[in-house]
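Engineer: Below you'll find the structure I mean.
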Amino acid sequence: MSIVATEIESIHGTNPRMIFYRCQDHLGEWHPHGPVVTSDVAFDAAAFSPTVALKVAEQLAEAEFDVLVIP
Amino acid sequence: MTIYYIDDGGSNTSPFDTWAKAATSAANLVSSIAAALTTGTNVIYVGDDHNDPVTGASKTFTFAANANTPTQIISADRTDNNVPPAYKLGTGKQFRCDDGSFQMDISGAASFHGIRFAAGTNFRPLGVSAGGRSLSFYDCTYLIGSTGSISQGQTSSIYMENPVVDLTADGTTNRATAVFVGTGGPWEIVGGSFINAAWRSQYIFQGGVGSVFLIDGMDLSGFTNAGLPDIYRDNTTVGQFYMSHCKLPSTFSLATANNGPDGIGRIWNNIGSANSPQYLATSDGMGDLLSSTSIIRSGGATLEGVAWSWLITTTAQCFERRPFHSPWMYGKVLATGSKNFDVFITNDTADFTDAEVWMEVDMLGTAGSPKWTRIADKRATILTTAASQDADSSTWTGSGPAFSHKQRLRATGTVNVVGQFRCRVVVGKASIASSSFFYADPKPVVS
């Protein structure tokens with residue numbers, strides 16, 4: 001399962017901010033992630049997107065593996 | 001009850017009942033007196049600067065078999081010949097197997113005080129399988145390996161007070177390994193701090209089938225890795241996680257994935273880089289709730305003088321007869337009679353129907369009885385045509401939402417006893433995304 005797109009789904013509040021992401025897999029399905037909660041005004045939500053993609057990809061890979069081993 | 005002494009400066013002379021005659025290791029003590037560690041009423045004093053000899057292998061230390069009578073292991077001042085000697089936190093590696101990629105297991109029932117453990121990989125407090133609270137640790141330090149964890153190991157019950165987890169072995173390399181791994185059973189940790197936590201990059205707590213983490217008063221502010229480790233990770237198993245009054249870095253991520261069924265999931269309250277009494281988050285397999293002090297309803301709920309609200313999202317597994325529930329909101333009815341119980345909501349997608357979002361109220365509906373009566377404003381039956389919830393004209397403020405669909409949930413019933421009521425928002429609609437900006441005001445209004 002690979003991630004083909006990551007975007008910021010929504011941002012709530014100012015301080016702290018709650019940032020929600022979503023990632024699209026190669027089958028076209030969207031997977032939510034978050035929130036990232038931050039009181040750091042310097043936190044770059046967009047720049048964090050690749051890390052989110054890695055997290056979601058890992059989560060999906062683990063779930064896929066469990067489907068294989070659990071009858 | 002027998003008292004034994006362990007210290008690397010002792011003469012290793014039976015009966016090991018003074019510092020001078022102390023056993024030079026736990027293994028030597030057991031070699032001479034087989035039941036020294038496993039007799040539940042025994043007390044073992046370990047020299048504060050004692051260093052356990054390494055053996056080039058993993059180690060298992062086995063204690064009492066019965067959780068009701070644990071062995072006591074106490075770090076004490078080896079220069080103090082009083083009985084008992086003065087309590088002194090361990091500075092040596094009092095139980096160790098860190099001379100290679102070796103794991104340390106603590107089996108059986110025991111109570112540790114001020115002890116310093118050093119493992120090459122994992123430290124595993126196994127306890128007594130399904131034996132109730134069999135292991136207690138007070139003011140202990142845990143040095144674990146660079147890919148190591150403190151792992152429950154089996155279904156058991158563990159209590160830790162003021163643990164210091166030393167992650168120096170991580171060096172300056174990212175480590176994608178959980179610090180705490182639950183396997184099954186309750187694991188309560190009060191207090192706690194970490195050394196060199198900045199290189200753990202994936203998650204801090206990992207749940208397992210039947211695991212229950214109860215975390216209070218912990219300082220996690222050192223987990224500042226750019227990978228933003230999740231506080232909790234469930235994988236695909238069902239665990240529970242409760243965290244309260246903990247310090248976090250200025251940026252944090254709560255959790256990834258939650259496969260828990262309704263009502264079994266995670267709760268966080270008052271967590272953050274500063275005191276945040278309004279911070280509340282809940283999560284289960286049906287949805288998530290997150291508090292906000294930025295999005296508020298005029299005249300709505302306040303907590304310690306600060307206005308707040310609840311953001312709700314749901315998963316694809318949420319539906320009408322398997323809904324997501326908010327926490328209970330409590331209040332008091334001051335007079336008997338017919339009452340309207342109102343909760344106010346808003347979202348930016350569409351009006352909700354009474355098949356999608358409703359409220360449940362438990363109130364004292366039977367005269368002279370403490371029994372609650374439940375009323376709700378969901379549709380009468382699963383086959384009743386769904387109707388939109390009432391429109392509302394409240395004022396909501398905050399950056400992000402448009403507040404385009406403001407509604408009121410109202411349940412009506414007859415109160416026959418003056419007293420407490422409780423209510424909650426129930427959501428039976430799947431896949432409500434954060435971009436719907438679905439907020440609820442956690443201040444019920446009774447009229």
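As shown in the structure tokens, the chain order sets the letters A, B, ...; within each chain, residues go from 1, and ligands are also counted from 1 in the order they appear.
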List every residue of chain A that DSSP, applied to the backbone, labels as strand (DSSP E or B), and write the result as a count of residues only.
Structural biologist: 28
Engineer: Within 7 Å of chain A, which residues of chain B show up when using only C-alpha atoms, listed as a VMD selection string?
Structural biologist: chain B and resid 227 236 250 to 253 294 to 295 398 to 400 434 to 435
Engineer: Pull all heavy atoms from the residues just selected and write them as a CSV table (one decimal), in the first residue's frame.
Structural biologist:
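Result file is part_7.csv:
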```
chain,number,residue,atom,x,y,z
B,227,GLY,N,10.2,13.5,13.9
B,227,GLY,CA,9.2,12.5,13.4
B,227,GLY,C,7.9,12.6,14.2
B,227,GLY,O,6.9,11.9,13.8
B,236,THR,N,-3.3,-3.1,15.4
B,236,THR,CA,-4.6,-3.5,15.1
B,236,THR,C,-5.2,-4.3,16.2
B,236,THR,O,-6.2,-5.0,16.0
B,236,THR,CB,-4.5,-4.5,13.8
B,236,THR,OG1,-3.7,-5.6,14.1
B,236,THR,CG2,-4.0,-3.7,12.6
B,250,SER,N,5.8,21.2,22.9
B,250,SER,CA,4.8,22.2,22.3
B,250,SER,C,4.1,21.7,21.1
B,250,SER,O,3.0,22.2,20.7
B,250,SER,CB,5.6,23.5,21.9
B,250,SER,OG,6.6,23.2,21.0
B,251,THR,N,4.6,20.7,20.4
B,251,THR,CA,3.9,20.0,19.3
B,251,THR,C,3.9,18.5,19.6
B,251,THR,O,4.9,18.0,19.9
B,251,THR,CB,4.7,20.3,18.0
B,251,THR,OG1,4.8,21.7,17.8
B,251,THR,CG2,3.9,19.6,16.8
B,252,PHE,N,2.7,18.0,19.5
B,252,PHE,CA,2.6,16.5,19.7
B,252,PHE,C,1.5,15.9,18.9
B,252,PHE,O,0.6,16.6,18.4
B,252,PHE,CB,2.3,16.3,21.2
B,252,PHE,CG,1.1,16.9,21.8
B,252,PHE,CD1,-0.1,16.2,21.7
B,252,PHE,CD2,1.1,18.1,22.4
B,252,PHE,CE1,-1.3,16.7,22.3
B,252,PHE,CE2,-0.1,18.7,22.9
B,252,PHE,CZ,-1.3,18.0,22.8
B,253,SER,N,1.6,14.6,18.8
B,253,SER,CA,0.6,13.8,18.0
B,253,SER,C,0.0,12.8,19.0
B,253,SER,O,0.7,12.1,19.7
B,253,SER,CB,1.2,13.1,16.9
B,253,SER,OG,0.3,12.3,16.2
B,294,SER,N,-10.7,27.6,21.1
B,294,SER,CA,-10.7,28.6,20.1
B,294,SER,C,-12.0,28.7,19.4
B,294,SER,O,-12.4,29.8,18.9
B,294,SER,CB,-9.6,28.3,19.0
B,294,SER,OG,-8.3,28.3,19.5
B,295,ILE,N,-12.7,27.6,19.3
B,295,ILE,CA,-14.1,27.6,18.7
B,295,ILE,C,-15.1,27.5,19.9
B,295,ILE,O,-15.1,26.5,20.6
B,295,ILE,CB,-14.2,26.4,17.8
B,295,ILE,CG1,-13.0,26.2,16.8
B,295,ILE,CG2,-15.5,26.5,17.0
B,295,ILE,CD1,-12.8,27.4,15.9
B,398,GLY,N,-14.7,31.8,16.2
B,398,GLY,CA,-13.4,31.1,16.1
B,398,GLY,C,-12.9,30.9,14.7
B,398,GLY,O,-13.8,30.9,13.7
B,399,SER,N,-11.6,30.8,14.5
B,399,SER,CA,-11.0,30.7,13.2
B,399,SER,C,-11.2,29.2,12.6
B,399,SER,O,-10.8,28.3,13.3
B,399,SER,CB,-9.5,31.0,13.3
B,399,SER,OG,-8.9,30.8,12.1
B,400,GLY,N,-11.6,29.2,11.4
B,400,GLY,CA,-11.7,27.9,10.7
B,400,GLY,C,-13.2,27.6,10.2
B,400,GLY,O,-13.4,27.5,9.0
B,434,SER,N,-12.8,16.1,9.8
B,434,SER,CA,-12.5,17.3,10.5
B,434,SER,C,-12.9,18.5,9.7
B,434,SER,O,-13.2,19.6,10.3
B,434,SER,CB,-11.0,17.4,10.8
B,434,SER,OG,-10.2,17.5,9.6
B,435,SER,N,-12.9,18.4,8.4
B,435,SER,CA,-13.3,19.6,7.5
B,435,SER,C,-14.8,19.9,7.6
B,435,SER,O,-15.2,20.9,7.1
B,435,SER,CB,-12.9,19.3,6.1
B,435,SER,OG,-13.4,18.0,5.7
```
Engineer: Of the candidates B:Ile382, B:Val445, B:Ala350, B:Met218, which one gets nearest to Lys406 (chain B) if we count only C-alpha atoms?
Structural biologist: B:Ala350
Engineer: Could you pull out the helix (DSSP H, G or I) residues of region 23-257 of chain B, going by DSSP on the backbone, and write them as a list in words?
Structural biologist: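 Matching residues, listed in order: Ala26, Ala27, Asn28, Leu29, Val30, Ser31, Ser32, Thr168, Ala169, Asp170, Ala197, Ala198 and Trp199 of chain B.
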Engineer: Which residues, written as a tab-separated table (two decimals) with N, CA and C atoms, in the first residue's frame, have at least one atom at most 7 Å from Thr6 (chain A), with only C-alpha atoms counted and residues fewer than 5 positions away on the same chain left out?
Structural biologist:
```tsv
chain	number	residue	atom	x	y	z
A	22	ARG	N	-4.92	14.21	5.61
A	22	ARG	CA	-5.44	12.98	5.03
A	22	ARG	C	-4.51	12.54	3.90
A	23	CYS	N	-4.42	11.22	3.74
A	23	CYS	CA	-3.52	10.65	2.75
A	23	CYS	C	-4.32	9.74	1.82
A	24	GLN	N	-3.98	9.80	0.55
A	24	GLN	CA	-4.66	8.95	-0.44
A	24	GLN	C	-3.74	7.80	-0.84
A	49	SER	N	3.93	17.25	6.07
A	49	SER	CA	3.13	16.30	5.29
A	49	SER	C	3.88	15.03	4.91
A	53	ALA	N	2.72	11.14	5.69
A	53	ALA	CA	2.58	10.08	4.68
A	53	ALA	C	3.30	8.81	5.12
```
Engineer: At what distance in Å, to one decimal, does CA of Arg408 (chain B) lie from CA of Phe344 (chain B)?
Structural biologist: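 Computing the Euclidean distance for CA of Phe344 (chain B) and CA of Arg408 (chain B) yields 4.6 Å.
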Engineer: Contacts of Ser146 (chain B) at 7 Å or less, counting only C-alpha atoms, minus same-chain residues fewer than 3 places along, as a list in words?
Structural biologist: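 In the requested format, the answer is Thr121, Ala169 and Asp170 of chain B.
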Engineer: Residues near Asn347 (chain B), anyone? I mean within 10 Å using only C-alpha atoms, not counting same-chain ones fewer than 6 positions away, as a list in words.
Structural biologist: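 Near Asn347 (chain B), the qualifying residues are Leu311, Ile312, Pro401, Ala402, Phe403, Ser404, His405, Lys406, Gln407, Ile432, Ser434, Ser435, Ser436, Phe437, Phe438, Tyr439 and Ala440 of chain B.
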Engineer: Would you work out the distance separating CA of Ala23 (chain B) from CA of Asp77 (chain B), expressed in Å to one decimal?
Structural biologist: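 Atom-to-atom, CA of Ala23 (chain B) to CA of Asp77 (chain B), that is 15.3 Å.
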Engineer: Compile the contact shell of Asp342 (chain B) as a ChimeraX atom specification: residues with an atom at most 9 Å away, counting only C-alpha atoms, same-chain residues fewer than 3 positions apart removed.
Structural biologist: /B:359,408-412,443-447
Engineer: Provide the CA of Pro53 (chain B) to CA of Phe102 (chain B) distance in Å, to one decimal place.
Structural biologist: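 Answer for the CA of Pro53 (chain B) to CA of Phe102 (chain B) separation: 13.6 Å.
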